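Before any comments, here is the structure.
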Amino acid sequence: MKNQIKEKIIQTVSQKFPQTLQLKDKIKVDIPKEEKFGDFATNIAFLLSKPVGKKPIEVAKEIQELLQQQEDFSKVEVAGGGFVNIFLSPAFYKKVLKKVVKEGERYGERREKDRGRINIEFVSANPTGPLHLGHGRGAVVGNVQANLYDYMGYKVEREFYINDAGNQIKKLGKSVYARFRQIEDPTYPFPEDGYHGDYIKDIAQHLYKYEREKILSMVDESQAVDFCGEFAKQMLLERIKEDLKEFGVEFDIWFSEKKLYDSGKVEEALQILKEKGLLYEKDGAVWLKTTEFGDDKDRVVIKSDGSYTYFAGDIAYHYDKLKRGYDFIVNVWGADHHGYIPRLKGAVISLGADENWFNVILIQMVKLFKGGQEVKMSKRAGDFIPLKYLIDEVGKDAVIYFFLTKDSNTHLNFDIDLALKKSAENPVYYVQYAHARISSVFREAKERFGFDVEKDFEGDVSLLDKPVERAIMKYLASLPDLVVEAGEQKQPHKLTQITYTLASHFHYYYNNFKFLVEDQKLMEARLYLLKGVREGLRTLFRLMGITPLERM
RNA sequence: GCGCCCGUAGCUCAGUAGGAUAGAGCGCCGAUUUCCGGGGUCGGAGGUCGCAGGUUCAAAUCCUGCCGGGCGCACCA
């Protein structure tokens, strides 16, 4: 909507001031905070002031005259030293409501997925333990960002990178094996750097029950450790998949690190870097000149023992993604990896990627609070809080919503008590209540007046002349812009704010006006508006993965 | 030491590709509540946007320096 308005303004104004076309990117069309400043306001006069050689306010007055002739605008004013304020006409609002009601839970979505094919990789938890809260936050942020890209018209692939090679799995195997042996021999030593969580014991118990003979008959202990590691990995991976599915997150691609190594991609990628003269040998190891991409020191890709570093694997992984032909990719990482970004980005660019191809969203810590006390978690020690625990505690919808309340790059304090409250203090409750209330009104409309809101009907928008009603329609008009903006900025947390604002508009409306009134025409108009609000909410809920409740 | 992130109301935080009087929730103060759906509703006070400069018609937002907090700087993954 905003872009349409902007286009209209540029088109109209440029007829008199051709310079407008050069300023296209700097011209802003915004929704002012205060109603008296109109439905939309533009800074165009400030920008034209210099090239035209007149004061902003004078230019604004000339623009005002031009714009006043547009039919979608009922009034155009000049204020604040040169802002051009535009008021929309009922004809415009009518178009908006019609569109929302028609498009339903996909309101404003770009149906043609023709803007490109992209990949978004997230969670990518090591299969060495259950998912914890940090993974959960990454899962939500990644998944919702993917939904946003889809909304904007991209073909999106969701990917989970499985770190199933290297030391972590070995450590896992050792841990499980030790627990396994401890069942019969409590003095059997547990590895110092092993995984301490109880889930390791559970896996060991399982193996003891079903595979005891097989494991004990293995002559070589390292063979038994490998077996345990492989088994535990599979089991944990299955559990991760189940947790994610229950959480509403599904992946298109499960990419195995191990298979990457087997594919020869590492050699291939390194060969390219070598040809570019970016590799050199020192102290028996092979180094990549990451200092050329702004890193403070060069990094090892092949260790002196001949094995690859994790970095080498990641280069190859991204080389593989590059060859898959995505227009761009996004990685959702824990914020502690931020120092890793420049060097990987540099490597990827050296492999032929475009400057903007490689993108990262960082996820900060989640702290859990219950009864005013912080619930501590630490994966290494094994006393971390599993994601599943939180979901069982407050429900999927609350977890998702709260994970989206703040910018992913800031620390999040999750208040369990708040998430469980059934009152307006709890934002999840508040937004879901809005949807349930609308459903309730619709049920009532049918029972008392025999009016079926689900049928195809159109209310008389000209009867919706109350300030709240206009505010709601205006907000619905800008909804797609706001969603796209959240997506472009890679800030999915903005969805909760958009949702909250829409819900609060509705609650205010509900608290001050009756919808089921005697005047049939007025009732239909208001129900029509409510239907628009409902579809707006459903669109947002769908993007976030939250359930729209009919009653609660 | 170098790099990144953060610093906004009493509290938890939005707002940062520059825009008009910096927002929300909680808490606090006041009023109100026999109502489709109860757990309310309406209003008010509350700010040196960490500090100091700079750019601009316009800075919480951009630039520089400093202060305070977090994190990262492996032949680990």
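By order of appearance in the structure tokens: chains A, B, ..., then residues from 1 within every chain, and ligands from 1 in the order shown.
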Polymer residues at most 8 Å from range 32-41 of chain B, only C-alpha atoms (C1' of nucleotides), same-chain spacing of 4 or more positions, as a ChimeraX atom specification: /A:422-423,437,440-441,444,511,514-516
Using only C-alpha atoms (C1' of nucleotides), which residues of chain B come within 7 Å of chain A, and what is the closest atom pair for each, with the distance in Å to one decimal? Give it as JSON lines, sorted by chain and residue number.
{"residue": "B:C4", "atom": "C1'", "partner": "A:His338", "partner_atom": "CA", "distance": 6.7}
{"residue": "B:A20", "atom": "C1'", "partner": "A:Gly80", "partner_atom": "CA", "distance": 5.9}
{"residue": "B:G25", "atom": "C1'", "partner": "A:Glu425", "partner_atom": "CA", "distance": 6.7}
{"residue": "B:C36", "atom": "C1'", "partner": "A:Val441", "partner_atom": "CA", "distance": 5.8}
{"residue": "B:G39", "atom": "C1'", "partner": "A:Ser423", "partner_atom": "CA", "distance": 6.3}
{"residue": "B:C71", "atom": "C1'", "partner": "A:Asp336", "partner_atom": "CA", "distance": 6.2}
{"residue": "B:G72", "atom": "C1'", "partner": "A:Gly339", "partner_atom": "CA", "distance": 5.5}
{"residue": "B:C75", "atom": "C1'", "partner": "A:Lys303", "partner_atom": "CA", "distance": 4.5}
{"residue": "B:A77", "atom": "C1'", "partner": "A:Tyr310", "partner_atom": "CA", "distance": 6.4}
Restricted to N, CA and C atoms (P, O5', C5', C4', C3', O3' and C1' of nucleotides), what would the selected residues look like written as a PDB file, in the first residue's frame?
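again08.pdb, written as the output of this step:
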ATOM      1  P     C B   4      34.205  -3.509  15.236  1.00  0.00           P
ATOM      2  O5'   C B   4      33.086  -4.536  15.721  1.00  0.00           O
ATOM      3  C5'   C B   4      32.505  -5.462  14.808  1.00  0.00           C
ATOM      4  C4'   C B   4      31.599  -6.406  15.551  1.00  0.00           C
ATOM      5  C3'   C B   4      30.479  -5.756  16.352  1.00  0.00           C
ATOM      6  O3'   C B   4      29.373  -5.402  15.546  1.00  0.00           O
ATOM      7  C1'   C B   4      31.529  -7.388  17.682  1.00  0.00           C
ATOM      8  P     A B  20       9.836  12.643  14.258  1.00  0.00           P
ATOM      9  O5'   A B  20       9.213  14.047  14.658  1.00  0.00           O
ATOM     10  C5'   A B  20      10.033  15.224  14.674  1.00  0.00           C
ATOM     11  C4'   A B  20       9.111  16.421  14.639  1.00  0.00           C
ATOM     12  C3'   A B  20       8.009  16.388  15.699  1.00  0.00           C
ATOM     13  O3'   A B  20       7.753  17.718  16.120  1.00  0.00           O
ATOM     14  C1'   A B  20       7.048  16.459  13.541  1.00  0.00           C
ATOM     15  P     G B  25       0.268   0.101  27.451  1.00  0.00           P
ATOM     16  O5'   G B  25       0.924  -1.163  28.149  1.00  0.00           O
ATOM     17  C5'   G B  25       0.604  -2.476  27.693  1.00  0.00           C
ATOM     18  C4'   G B  25       1.445  -3.477  28.440  1.00  0.00           C
ATOM     19  C3'   G B  25       1.429  -3.321  29.953  1.00  0.00           C
ATOM     20  O3'   G B  25       0.318  -3.960  30.538  1.00  0.00           O
ATOM     21  C1'   G B  25       3.659  -3.509  29.221  1.00  0.00           C
ATOM     22  P     C B  36     -23.621  -8.519  27.870  1.00  0.00           P
ATOM     23  O5'   C B  36     -23.050  -8.730  26.394  1.00  0.00           O
ATOM     24  C5'   C B  36     -23.886  -9.373  25.456  1.00  0.00           C
ATOM     25  C4'   C B  36     -23.090 -10.171  24.461  1.00  0.00           C
ATOM     26  C3'   C B  36     -21.814 -10.857  24.967  1.00  0.00           C
ATOM     27  O3'   C B  36     -22.105 -12.197  25.333  1.00  0.00           O
ATOM     28  C1'   C B  36     -21.444  -9.790  22.853  1.00  0.00           C
ATOM     29  P     G B  39     -13.466  -8.503  33.352  1.00  0.00           P
ATOM     30  O5'   G B  39     -12.214  -9.255  33.974  1.00  0.00           O
ATOM     31  C5'   G B  39     -12.131  -9.491  35.377  1.00  0.00           C
ATOM     32  C4'   G B  39     -11.010 -10.456  35.632  1.00  0.00           C
ATOM     33  C3'   G B  39      -9.719 -10.080  34.926  1.00  0.00           C
ATOM     34  O3'   G B  39      -8.962  -9.198  35.705  1.00  0.00           O
ATOM     35  C1'   G B  39     -10.233 -12.351  34.486  1.00  0.00           C
ATOM     36  P     C B  71      30.543 -12.766  29.485  1.00  0.00           P
ATOM     37  O5'   C B  71      30.741 -12.939  27.913  1.00  0.00           O
ATOM     38  C5'   C B  71      29.812 -13.701  27.155  1.00  0.00           C
ATOM     39  C4'   C B  71      30.060 -13.515  25.685  1.00  0.00           C
ATOM     40  C3'   C B  71      31.420 -13.964  25.163  1.00  0.00           C
ATOM     41  O3'   C B  71      31.511 -15.364  24.994  1.00  0.00           O
ATOM     42  C1'   C B  71      30.888 -11.874  24.224  1.00  0.00           C
ATOM     43  P     G B  72      32.912 -16.068  25.059  1.00  0.00           P
ATOM     44  O5'   G B  72      33.559 -15.675  23.661  1.00  0.00           O
ATOM     45  C5'   G B  72      32.909 -16.039  22.453  1.00  0.00           C
ATOM     46  C4'   G B  72      33.620 -15.414  21.279  1.00  0.00           C
ATOM     47  C3'   G B  72      35.109 -15.681  21.222  1.00  0.00           C
ATOM     48  O3'   G B  72      35.380 -16.945  20.662  1.00  0.00           O
ATOM     49  C1'   G B  72      34.707 -13.391  20.826  1.00  0.00           C
ATOM     50  P     C B  75      45.242 -22.213  15.948  1.00  0.00           P
ATOM     51  O5'   C B  75      45.151 -23.755  15.571  1.00  0.00           O
ATOM     52  C5'   C B  75      44.378 -24.131  14.499  1.00  0.00           C
ATOM     53  C4'   C B  75      44.443 -25.638  14.413  1.00  0.00           C
ATOM     54  C3'   C B  75      44.564 -26.300  15.772  1.00  0.00           C
ATOM     55  O3'   C B  75      43.784 -27.463  15.712  1.00  0.00           O
ATOM     56  C1'   C B  75      46.464 -26.805  14.420  1.00  0.00           C
ATOM     57  P     A B  77      38.073 -29.486  15.355  1.00  0.00           P
ATOM     58  O5'   A B  77      36.541 -29.382  15.762  1.00  0.00           O
ATOM     59  C5'   A B  77      35.865 -30.445  16.427  1.00  0.00           C
ATOM     60  C4'   A B  77      34.495 -29.956  16.804  1.00  0.00           C
ATOM     61  C3'   A B  77      33.608 -29.551  15.634  1.00  0.00           C
ATOM     62  O3'   A B  77      32.910 -30.657  15.111  1.00  0.00           O
ATOM     63  C1'   A B  77      33.634 -27.809  17.211  1.00  0.00           C
TER      64        A B  77
END
Test item, strand (DSSP E) assignment across range 5-58 of chain A, answer as a PyMOL selection string: chain A and resi 29-30+40-42
Atomic separation - CA of Ala398 in chain A relative to CA of Val156 in chain A, Å: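 Spanning CA of Val156 in chain A to CA of Ala398 in chain A is a straight-line distance of 25.5 Å.
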Between CA of Tyr430 in chain A and CA of Gly536 in chain A - distance in Å to one decimal: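 It comes out at 15.3 Å.
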Gap from CA of Lys2 in chain A to CA of Tyr93 in chain A - Å, one decimal: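 Separating CA of Lys2 in chain A from CA of Tyr93 in chain A is a distance of 13.2 Å.
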Polymer residues at most 12 Å from A45 in chain B, only C-alpha atoms (C1' of nucleotides), same-chain spacing of 3 or more positions, as a VMD selection string: chain B and resid 9 28 to 30
Shell of 9 Å around Cys228 in chain A, only C-alpha atoms (C1' of nucleotides), local chain residues under 5 positions omitted, as a list in words: Leu172, Gly173, Lys174, Ser175, Val176, Tyr177, Ile203, Ala204, Leu207, Ile215, Gln223 and Lys233 of chain A
Per-residue DSSP, range 424-521 of chain A, filtered to alpha helix (DSSP H), as JSON, numbers by chain: {"A": [427, 428, 429, 430, 431, 432, 433, 434, 435, 436, 437, 438, 439, 440, 441, 442, 443, 444, 445, 446, 447, 448, 449, 467, 468, 469, 470, 471, 472, 473, 474, 475, 476, 477, 478, 479, 480, 481, 482, 483, 484, 485, 486, 487, 488, 494, 495, 496, 497, 498, 499, 500, 501, 502, 503, 504, 505, 506, 507, 508, 509, 510, 511, 512, 520, 521]}
Long-range neighbours of G54 in chain B as JSON, numbers by chain, 12 Å cut-off, only C-alpha atoms (C1' of nucleotides), 6 positions minimum in chain: {"B": [62, 63, 64, 65]}
Shell of 6 Å around range 234-247 of chain A, only C-alpha atoms (C1' of nucleotides), local chain residues under 3 positions omitted, as a list in words: Pro127, Phe231 and Glu250 of chain A
Nearest-residue call for Glu488 in chain A, choices B:A17, B:G50, B:U61, B:G43, using only C-alpha atoms (C1' of nucleotides):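 Answer, going by the shortest atom-to-atom distance: B:A17.
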Nearest to Phe251 in chain A, chosen from A:Arg158, A:His318, A:Lys274, A:Lys282, with only C-alpha atoms counted in the distances: A:Arg158
12 Å contact set for C51 in chain B, only C-alpha atoms (C1' of nucleotides), chain neighbours under 5 positions out, as number ranges by chain: B: 7, 65-68
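Nearest to His505 in chain A of all the residues A:Lys155, A:Lys201, A:Lys61, A:Arg470 is A:Arg470, based on only C-alpha atoms.
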